[in-house]
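Q: Let me give you the structure first, and then I'll get to my questions.
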Amino acid sequence: MENYSIYLPSYSIGEDIYRKIPEVCEPYGRRIVAVGGKRAIASVKELLLEAVRDSSLVFEDFLWYGGESSYENVEALMADPKVQSADMLFAIGGGKATDTTKCLAVRLGKPVFTVPTIASNCSACTSVSIMYNPDGSFREPFFFAKPPVHAFIQTSVIAKTPYCYMWAGIGDTYAKYFESTISSRGENLVHYTALGVGMSRMCYEPLMQYGRKALEDQKAGRVSWEFEQTVLAIIVTTAVVSILVTTEHIIDYNTGLAHAIYYALTSFPHIEEGHLHGELVGFGVLLLLLIDGQKEEFERVYAFNRSVDLPTSIEDVEITEKDLPDVIKKAVSMKDIDHNPYVITEAMLTKAFEDLAVYETGNLK
């Protein structure tokens, strides 16, 4: 066995958790530059300034990340004198803002702390940034050795954000369980991968138990036990699983048919523009479960999706029967399904779409 090290996320969560910033961050220096989305910065700037008011910490500036998680935006931020002289960086906002700032911090060799303002993904706690080209097209994952030093997850901030982010985040999160367990089935896994796959059920069970209530609370701007458990599943648990199953910087256990369906669907411009990532991945899970013969789990996820209005039909994702051959051909060509215990064919996916339509018709009666 080779020598290796595993670094897992560190985080604080609560309704007033920004007050912990001085305690956690003062050992790393004094000068902070925050980078994030415009709306995200506006939502937390005064809270952050208040949190450090009686400490040695000072926010030197709050900078927009540029609108896209791209190396070009990272390089532009690297040229800023305040960024260069900062002792640490704060990444504020959603996935693209935090991914940009994480990449920036790695390039500069500076510690980075994250302040997620929505619960839609695990970027705030992962050791990878998903990088795009300036036109928004996917470029590559940028892996690094360690996740951010610490994440400050203030639930009272997240509770005031648009409902759609957590709604879609739930679909992407429970997919982690099914994709990792299916892709690793029957294999003798190295410890870190086995640990990640074993933990992945925590990306699923809490959402089935608490997700519907959490979304009701999100609509009301209310923090509850169920809301916090759902936030933790999306931001923290998924990050831990992802770090462990991608330790070797491969995607074999971190993706699968649900994501292949997402990529196939978003080849249609109107779907790319009108639907969220996790929304489409959650739909893809239904097809994955049909192909894999997991009838009980399919029925459970289908019922959950119906209860929170996540998609359960091709109409929900805005495709028609005439689009299906193109979607199916694209999905089975994706590398996301290369590492699977069996070959997924066009015929299998065609049958899954047919079975889903029959099930949907029966449940709409």
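Every chain in the structure tokens has a letter given in the order shown (A, B, ...), and although residue numbers restart at 1 in each chain, ligands are simply numbered from 1 in the order shown.
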Going by DSSP on the backbone, which bits of region 96-202 of chain A are strand (DSSP E or B)? Write them as a tab-separated table (two decimals) with all heavy atoms, in the first residue's frame, please.
A:
chain	number	residue	atom	x	y	z
A	112	VAL	N	-8.40	29.27	3.13
A	112	VAL	CA	-9.71	29.74	2.68
A	112	VAL	C	-10.78	29.20	3.62
A	112	VAL	O	-10.74	28.04	4.04
A	112	VAL	CB	-10.00	29.33	1.22
A	112	VAL	CG1	-9.98	27.82	1.03
A	112	VAL	CG2	-11.30	29.93	0.73
A	113	PHE	N	-11.72	30.06	3.96
A	113	PHE	CA	-12.87	29.72	4.79
A	113	PHE	C	-14.12	29.96	3.95
A	113	PHE	O	-14.15	30.88	3.13
A	113	PHE	CB	-12.90	30.58	6.05
A	113	PHE	CG	-11.67	30.41	6.91
A	113	PHE	CD1	-10.51	31.12	6.63
A	113	PHE	CD2	-11.67	29.53	7.97
A	113	PHE	CE1	-9.36	30.96	7.40
A	113	PHE	CE2	-10.54	29.36	8.76
A	113	PHE	CZ	-9.37	30.08	8.47
A	114	THR	N	-15.15	29.14	4.14
A	114	THR	CA	-16.33	29.28	3.31
A	114	THR	C	-17.54	29.72	4.12
A	114	THR	O	-17.71	29.36	5.28
A	114	THR	CB	-16.66	27.97	2.57
A	114	THR	OG1	-16.84	26.91	3.52
A	114	THR	CG2	-15.55	27.60	1.61
A	115	VAL	N	-18.39	30.50	3.45
A	115	VAL	CA	-19.64	31.00	4.03
A	115	VAL	C	-20.74	30.68	3.02
A	115	VAL	O	-21.13	31.52	2.20
A	115	VAL	CB	-19.56	32.52	4.29
A	115	VAL	CG1	-20.86	33.02	4.92
A	115	VAL	CG2	-18.37	32.85	5.20
A	116	PRO	N	-21.25	29.43	3.02
A	116	PRO	CA	-22.32	29.10	2.08
A	116	PRO	C	-23.60	29.84	2.43
A	116	PRO	O	-24.01	29.87	3.60
A	116	PRO	CB	-22.48	27.59	2.27
A	116	PRO	CG	-22.00	27.31	3.65
A	116	PRO	CD	-20.89	28.30	3.90
A	128	VAL	N	-12.44	20.08	-4.21
A	128	VAL	CA	-12.42	20.17	-5.66
A	128	VAL	C	-13.18	21.43	-6.07
A	128	VAL	O	-14.13	21.84	-5.37
A	128	VAL	CB	-13.06	18.92	-6.32
A	128	VAL	CG1	-14.53	18.79	-5.95
A	128	VAL	CG2	-12.88	18.91	-7.84
A	129	SER	N	-12.75	22.04	-7.14
A	129	SER	CA	-13.50	23.13	-7.76
A	129	SER	C	-13.88	22.70	-9.16
A	129	SER	O	-13.04	22.18	-9.90
A	129	SER	CB	-12.66	24.41	-7.83
A	129	SER	OG	-12.49	24.99	-6.56
A	130	ILE	N	-15.15	22.89	-9.51
A	130	ILE	CA	-15.60	22.57	-10.86
A	130	ILE	C	-15.40	23.83	-11.71
A	130	ILE	O	-16.02	24.86	-11.47
A	130	ILE	CB	-17.08	22.14	-10.88
A	130	ILE	CG1	-17.29	20.98	-9.91
A	130	ILE	CG2	-17.50	21.75	-12.29
A	130	ILE	CD1	-16.41	19.76	-10.17
A	131	MET	N	-14.52	23.72	-12.67
A	131	MET	CA	-14.11	24.88	-13.45
A	131	MET	C	-14.79	24.88	-14.82
A	131	MET	O	-14.97	23.84	-15.45
A	131	MET	CB	-12.59	24.91	-13.62
A	131	MET	CG	-11.82	24.83	-12.30
A	131	MET	SD	-12.25	26.13	-11.10
A	131	MET	CE	-11.61	27.59	-11.94
A	132	TYR	N	-15.15	26.10	-15.24
A	132	TYR	CA	-15.85	26.29	-16.52
A	132	TYR	C	-15.04	27.24	-17.40
A	132	TYR	O	-14.18	27.99	-16.93
A	132	TYR	CB	-17.24	26.87	-16.27
A	132	TYR	CG	-18.16	25.95	-15.52
A	132	TYR	CD1	-18.12	25.87	-14.13
A	132	TYR	CD2	-19.07	25.13	-16.20
A	132	TYR	CE1	-18.96	25.01	-13.43
A	132	TYR	CE2	-19.91	24.27	-15.50
A	132	TYR	CZ	-19.84	24.21	-14.13
A	132	TYR	OH	-20.67	23.35	-13.43
A	138	PHE	N	-18.52	23.56	-19.52
A	138	PHE	CA	-17.69	22.83	-18.56
A	138	PHE	C	-16.26	22.70	-19.07
A	138	PHE	O	-16.01	22.44	-20.24
A	138	PHE	CB	-18.29	21.44	-18.33
A	138	PHE	CG	-17.43	20.54	-17.50
A	138	PHE	CD1	-17.34	20.70	-16.12
A	138	PHE	CD2	-16.69	19.52	-18.10
A	138	PHE	CE1	-16.55	19.86	-15.35
A	138	PHE	CE2	-15.89	18.67	-17.34
A	138	PHE	CZ	-15.82	18.85	-15.96
A	139	ARG	N	-15.29	22.88	-18.14
A	139	ARG	CA	-13.88	22.72	-18.51
A	139	ARG	C	-13.27	21.47	-17.86
A	139	ARG	O	-12.87	20.55	-18.54
A	139	ARG	CB	-13.08	23.96	-18.14
A	139	ARG	CG	-11.62	23.88	-18.55
A	139	ARG	CD	-10.95	25.23	-18.58
A	139	ARG	NE	-9.55	25.13	-18.94
A	139	ARG	CZ	-8.76	26.18	-19.13
A	139	ARG	NH1	-9.24	27.41	-19.00
A	139	ARG	NH2	-7.50	26.01	-19.46
A	140	GLU	N	-13.22	21.45	-16.50
A	140	GLU	CA	-12.61	20.31	-15.81
A	140	GLU	C	-12.79	20.45	-14.31
A	140	GLU	O	-13.04	21.54	-13.80
A	140	GLU	CB	-11.11	20.26	-16.11
A	140	GLU	CG	-10.33	21.45	-15.56
A	140	GLU	CD	-8.85	21.40	-15.88
A	140	GLU	OE1	-8.41	20.48	-16.59
A	140	GLU	OE2	-8.12	22.30	-15.41
A	141	PRO	N	-12.65	19.32	-13.58
A	141	PRO	CA	-12.56	19.43	-12.13
A	141	PRO	C	-11.12	19.77	-11.74
A	141	PRO	O	-10.18	19.24	-12.34
A	141	PRO	CB	-12.95	18.03	-11.65
A	141	PRO	CG	-12.57	17.13	-12.78
A	141	PRO	CD	-12.70	17.94	-14.05
A	142	PHE	N	-10.98	20.66	-10.79
A	142	PHE	CA	-9.66	21.04	-10.29
A	142	PHE	C	-9.55	20.50	-8.86
A	142	PHE	O	-10.12	21.05	-7.93
A	142	PHE	CB	-9.49	22.56	-10.32
A	142	PHE	CG	-8.22	23.07	-9.70
A	142	PHE	CD1	-6.99	22.78	-10.25
A	142	PHE	CD2	-8.26	23.87	-8.56
A	142	PHE	CE1	-5.81	23.26	-9.68
A	142	PHE	CE2	-7.10	24.35	-7.98
A	142	PHE	CZ	-5.87	24.04	-8.54
A	143	PHE	N	-8.83	19.38	-8.69
A	143	PHE	CA	-8.69	18.75	-7.39
A	143	PHE	C	-7.53	19.36	-6.62
A	143	PHE	O	-6.51	19.75	-7.21
A	143	PHE	CB	-8.45	17.25	-7.55
A	143	PHE	CG	-9.63	16.48	-8.06
A	143	PHE	CD1	-9.73	16.14	-9.41
A	143	PHE	CD2	-10.63	16.06	-7.20
A	143	PHE	CE1	-10.82	15.42	-9.88
A	143	PHE	CE2	-11.72	15.34	-7.65
A	143	PHE	CZ	-11.82	15.01	-9.00
A	150	HIS	N	-12.30	25.78	7.11
A	150	HIS	CA	-13.51	25.69	7.93
A	150	HIS	C	-14.67	26.30	7.16
A	150	HIS	O	-14.49	27.26	6.39
A	150	HIS	CB	-13.30	26.46	9.24
A	150	HIS	CG	-14.24	26.07	10.34
A	150	HIS	ND1	-14.00	24.99	11.17
A	150	HIS	CD2	-15.41	26.60	10.76
A	150	HIS	CE1	-14.98	24.89	12.06
A	150	HIS	NE2	-15.85	25.85	11.82
A	151	ALA	N	-15.86	25.74	7.35
A	151	ALA	CA	-17.08	26.30	6.77
A	151	ALA	C	-17.97	26.84	7.89
A	151	ALA	O	-18.15	26.18	8.92
A	151	ALA	CB	-17.83	25.24	5.98
A	152	PHE	N	-18.51	28.04	7.68
A	152	PHE	CA	-19.43	28.65	8.64
A	152	PHE	C	-20.83	28.61	8.02
A	152	PHE	O	-21.14	29.37	7.11
A	152	PHE	CB	-19.01	30.08	8.95
A	152	PHE	CG	-17.66	30.18	9.61
A	152	PHE	CD1	-16.52	30.45	8.86
A	152	PHE	CD2	-17.52	29.97	10.98
A	152	PHE	CE1	-15.28	30.53	9.45
A	152	PHE	CE2	-16.28	30.05	11.59
A	152	PHE	CZ	-15.15	30.33	10.83
A	153	ILE	N	-21.67	27.71	8.52
A	153	ILE	CA	-22.98	27.46	7.93
A	153	ILE	C	-24.04	28.09	8.84
A	153	ILE	O	-24.45	27.49	9.84
A	153	ILE	CB	-23.23	25.95	7.77
A	153	ILE	CG1	-22.08	25.28	7.01
A	153	ILE	CG2	-24.56	25.71	7.05
A	153	ILE	CD1	-22.09	23.76	7.07
A	154	GLN	N	-24.43	29.31	8.53
A	154	GLN	CA	-25.42	30.02	9.34
A	154	GLN	C	-26.81	29.72	8.78
A	154	GLN	O	-27.20	30.24	7.73
A	154	GLN	CB	-25.14	31.52	9.38
A	154	GLN	CG	-26.07	32.27	10.31
A	154	GLN	CD	-25.38	33.37	11.10
A	154	GLN	OE1	-24.31	33.18	11.65
A	154	GLN	NE2	-25.99	34.54	11.16
Q: For Met202 (chain A), please output as an mmCIF file with N, CA and C atoms, in the first residue's frame all residues within 12 Å (counting only C-alpha atoms; exclusion window: fewer than 6 positions along the same chain).
A:
data_model
loop_
_atom_site.group_PDB
_atom_site.id
_atom_site.type_symbol
_atom_site.label_atom_id
_atom_site.label_comp_id
_atom_site.auth_asym_id
_atom_site.auth_seq_id
_atom_site.Cartn_x
_atom_site.Cartn_y
_atom_site.Cartn_z
ATOM 1 N N THR A 173 -28.325 15.398 -3.941
ATOM 2 C CA THR A 173 -27.738 14.766 -2.762
ATOM 3 C C THR A 173 -28.130 13.305 -2.646
ATOM 4 N N TYR A 174 -29.399 12.972 -2.794
ATOM 5 C CA TYR A 174 -29.751 11.559 -2.638
ATOM 6 C C TYR A 174 -29.215 10.715 -3.787
ATOM 7 N N ALA A 175 -28.923 11.344 -4.919
ATOM 8 C CA ALA A 175 -28.295 10.601 -6.024
ATOM 9 C C ALA A 175 -26.935 10.043 -5.610
ATOM 10 N N LYS A 176 -26.241 10.732 -4.713
ATOM 11 C CA LYS A 176 -24.915 10.281 -4.285
ATOM 12 C C LYS A 176 -24.963 8.871 -3.723
ATOM 13 N N TYR A 177 -26.002 8.571 -2.955
ATOM 14 C CA TYR A 177 -26.130 7.242 -2.367
ATOM 15 C C TYR A 177 -26.302 6.180 -3.444
ATOM 16 N N PHE A 178 -27.242 6.384 -4.333
ATOM 17 C CA PHE A 178 -27.528 5.352 -5.328
ATOM 18 C C PHE A 178 -26.385 5.190 -6.321
ATOM 19 N N LEU A 195 -15.344 3.569 2.985
ATOM 20 C CA LEU A 195 -15.885 4.470 4.004
ATOM 21 C C LEU A 195 -16.858 5.461 3.374
ATOM 22 N N GLY A 196 -16.480 6.021 2.232
ATOM 23 C CA GLY A 196 -17.348 6.971 1.549
ATOM 24 C C GLY A 196 -18.641 6.338 1.088
ATOM 25 N N MET A 208 -35.165 11.701 2.946
ATOM 26 C CA MET A 208 -36.471 11.053 2.893
ATOM 27 C C MET A 208 -37.273 11.343 4.169
ATOM 28 N N GLN A 209 -36.575 11.426 5.307
ATOM 29 C CA GLN A 209 -37.240 11.687 6.576
ATOM 30 C C GLN A 209 -37.608 13.157 6.763
ATOM 31 N N TYR A 210 -36.678 14.049 6.425
ATOM 32 C CA TYR A 210 -36.822 15.447 6.805
ATOM 33 C C TYR A 210 -36.999 16.413 5.635
ATOM 34 N N GLN A 229 -31.013 19.384 9.525
ATOM 35 C CA GLN A 229 -30.560 18.063 9.091
ATOM 36 C C GLN A 229 -30.434 17.987 7.567
ATOM 37 N N THR A 230 -31.332 18.658 6.881
ATOM 38 C CA THR A 230 -31.290 18.662 5.418
ATOM 39 C C THR A 230 -30.111 19.480 4.908
ATOM 40 N N LEU A 232 -27.313 19.957 6.476
ATOM 41 C CA LEU A 232 -26.114 19.166 6.751
ATOM 42 C C LEU A 232 -25.920 18.057 5.721
ATOM 43 N N ALA A 233 -26.995 17.405 5.327
ATOM 44 C CA ALA A 233 -26.885 16.341 4.328
ATOM 45 C C ALA A 233 -26.365 16.889 3.006
ATOM 46 N N ILE A 234 -26.888 18.050 2.600
ATOM 47 C CA ILE A 234 -26.515 18.621 1.302
ATOM 48 C C ILE A 234 -25.097 19.180 1.311
ATOM 49 N N ILE A 235 -24.762 19.963 2.332
ATOM 50 C CA ILE A 235 -23.481 20.670 2.334
ATOM 51 C C ILE A 235 -22.337 19.826 2.888
ATOM 52 N N VAL A 236 -22.588 19.092 3.973
ATOM 53 C CA VAL A 236 -21.502 18.410 4.673
ATOM 54 C C VAL A 236 -21.386 16.938 4.293
ATOM 55 N N THR A 237 -22.463 16.174 4.458
ATOM 56 C CA THR A 237 -22.361 14.729 4.229
ATOM 57 C C THR A 237 -21.930 14.418 2.810
ATOM 58 N N THR A 238 -22.531 15.094 1.854
ATOM 59 C CA THR A 238 -22.169 14.849 0.458
ATOM 60 C C THR A 238 -20.710 15.186 0.197
ATOM 61 N N ALA A 239 -20.214 16.236 0.844
ATOM 62 C CA ALA A 239 -18.812 16.613 0.677
ATOM 63 C C ALA A 239 -17.884 15.529 1.214
ATOM 64 N N VAL A 240 -18.195 15.016 2.400
ATOM 65 C CA VAL A 240 -17.360 13.964 2.991
ATOM 66 C C VAL A 240 -17.329 12.744 2.066
ATOM 67 N N VAL A 241 -18.494 12.327 1.604
ATOM 68 C CA VAL A 241 -18.560 11.175 0.705
ATOM 69 C C VAL A 241 -17.763 11.446 -0.570
#
Q: Could you give me, as an NGL selection string, the residues within 10 Å of Ile182 (chain A), counting only C-alpha atoms and dropping anything in the same chain fewer than 5 positions from it?
A: :A and (177 or 197 or 253 or 255-257 or 288-289 or 292 or 339-342)
Q: Write out as a ChimeraX atom specification the residues lying within 9 Å of Leu356 (chain A), counting only C-alpha atoms and excluding same-chain residues fewer than 6 positions away.
A: /A:286-287,290,312-313
Q: May I ask which of the residues A:Asp338, A:Ala352, A:Glu72, A:Tyr4 is the closest one to Ile314 (chain A), counting only C-alpha atoms?
A: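 Checking each candidate against Ile314 (chain A), we get A:Ala352 as the closest.
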Q: Work out how far CA of Val157 (chain A) is from CA of Arg222 (chain A), in Å to one decimal.
A: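 Taking CA of Arg222 (chain A) and CA of Val157 (chain A), their separation equals 10.0 Å.
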Q: When you look at Cys164 (chain A) with a cut-off of 9 Å (counting only C-alpha atoms), what residues show up, excluding the ones that are within fewer than 3 positions of it in the same chain? I need them as JSON, numbers by chain.
A: {"A": [120, 161, 167, 168, 169, 276]}
Q: I'd like the interatomic distance between CA of Glu205 (chain A) and CA of Ala357 (chain A), to a tenth of an Å.
A: 25.9 Å
Q: Just list as a ChimeraX atom specification whatever in region 169-358 of chain A DSSP marks as helix (DSSP H, G or I).
A: /A:169-183,191-203,205-220,225-245,257-265,269-274,277-292,295-308,321-332,335-337,346-358
Q: Have a look at A:Ala264, A:Tyr359, A:Phe90, A:Thr345 and name the one nearest to Ile319 (chain A); count only C-alpha atoms.
A: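 Comparing A:Ala264, A:Tyr359, A:Phe90, A:Thr345 against Ile319 (chain A), the winner is A:Ala264.
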Q: Would you kindly return, as a short mmCIF file (atom, residue, chain, number, x, y, z; two decimals) with all heavy atoms, in the first residue's frame, each protein, DNA or RNA residue with an atom no farther than 8 Å from any atom of Asn254 (chain A), considering only C-alpha atoms and excluding same-chain residues fewer than 5 positions away?
A:
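Final output, saved to part.cif:
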data_model
loop_
_atom_site.label_atom_id
_atom_site.label_comp_id
_atom_site.auth_asym_id
_atom_site.auth_seq_id
_atom_site.Cartn_x
_atom_site.Cartn_y
_atom_site.Cartn_z
N LYS A 176 -26.24 10.73 -4.71
CA LYS A 176 -24.91 10.28 -4.28
C LYS A 176 -24.96 8.87 -3.72
O LYS A 176 -24.06 8.06 -3.97
CB LYS A 176 -24.36 11.25 -3.24
CG LYS A 176 -22.92 11.00 -2.83
CD LYS A 176 -21.96 11.37 -3.93
CE LYS A 176 -22.00 12.87 -4.19
NZ LYS A 176 -21.09 13.25 -5.29
N GLU A 179 -25.81 6.29 -6.77
CA GLU A 179 -24.73 6.17 -7.75
C GLU A 179 -23.48 5.53 -7.16
O GLU A 179 -22.84 4.70 -7.81
CB GLU A 179 -24.42 7.55 -8.35
CG GLU A 179 -25.55 8.07 -9.22
CD GLU A 179 -25.22 9.34 -9.96
OE1 GLU A 179 -24.54 10.22 -9.36
OE2 GLU A 179 -25.63 9.48 -11.13
N SER A 180 -23.13 5.88 -5.93
CA SER A 180 -21.91 5.30 -5.35
C SER A 180 -22.09 3.84 -4.99
O SER A 180 -21.17 3.02 -5.17
CB SER A 180 -21.47 6.11 -4.12
OG SER A 180 -22.40 6.01 -3.07
N SER A 242 -17.94 12.61 -1.15
CA SER A 242 -17.25 12.94 -2.40
C SER A 242 -15.74 12.94 -2.22
O SER A 242 -15.00 12.44 -3.08
CB SER A 242 -17.72 14.29 -2.92
OG SER A 242 -19.07 14.24 -3.31
N VAL A 245 -14.60 9.19 -1.94
CA VAL A 245 -14.71 8.35 -3.14
C VAL A 245 -13.93 8.90 -4.33
O VAL A 245 -13.77 8.20 -5.33
CB VAL A 245 -16.18 8.07 -3.53
CG1 VAL A 245 -16.92 7.40 -2.39
CG2 VAL A 245 -16.89 9.33 -3.99
N THR A 246 -13.46 10.16 -4.22
CA THR A 246 -12.62 10.71 -5.30
C THR A 246 -11.18 10.95 -4.84
O THR A 246 -10.46 11.74 -5.44
CB THR A 246 -13.20 12.04 -5.85
OG1 THR A 246 -13.22 13.02 -4.79
CG2 THR A 246 -14.59 11.85 -6.41
#
Q: Quick check, in Å to one decimal: how far apart do CA of Val149 (chain A) and CA of Pro9 (chain A) lie?
A: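 Going from CA of Val149 (chain A) over to CA of Pro9 (chain A), I get 7.4 Å.
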Q: Point out the residue among A:Arg107, A:Arg39, A:Lys160, A:Arg185 with the least atom-to-atom distance to Ala119 (chain A), counting only C-alpha atoms.
A: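 Among A:Arg107, A:Arg39, A:Lys160, A:Arg185, it is A:Lys160 that comes nearest to Ala119 (chain A).
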Q: Rank A:Gly37, A:Gly67, A:Gly109, A:Pro148 by their smallest atom-to-atom distance to Gly93 (chain A), using only C-alpha atoms, and report the top residue only.
A: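 Once distances to Gly93 (chain A) are computed over only C-alpha atoms, the minimum belongs to A:Gly37.
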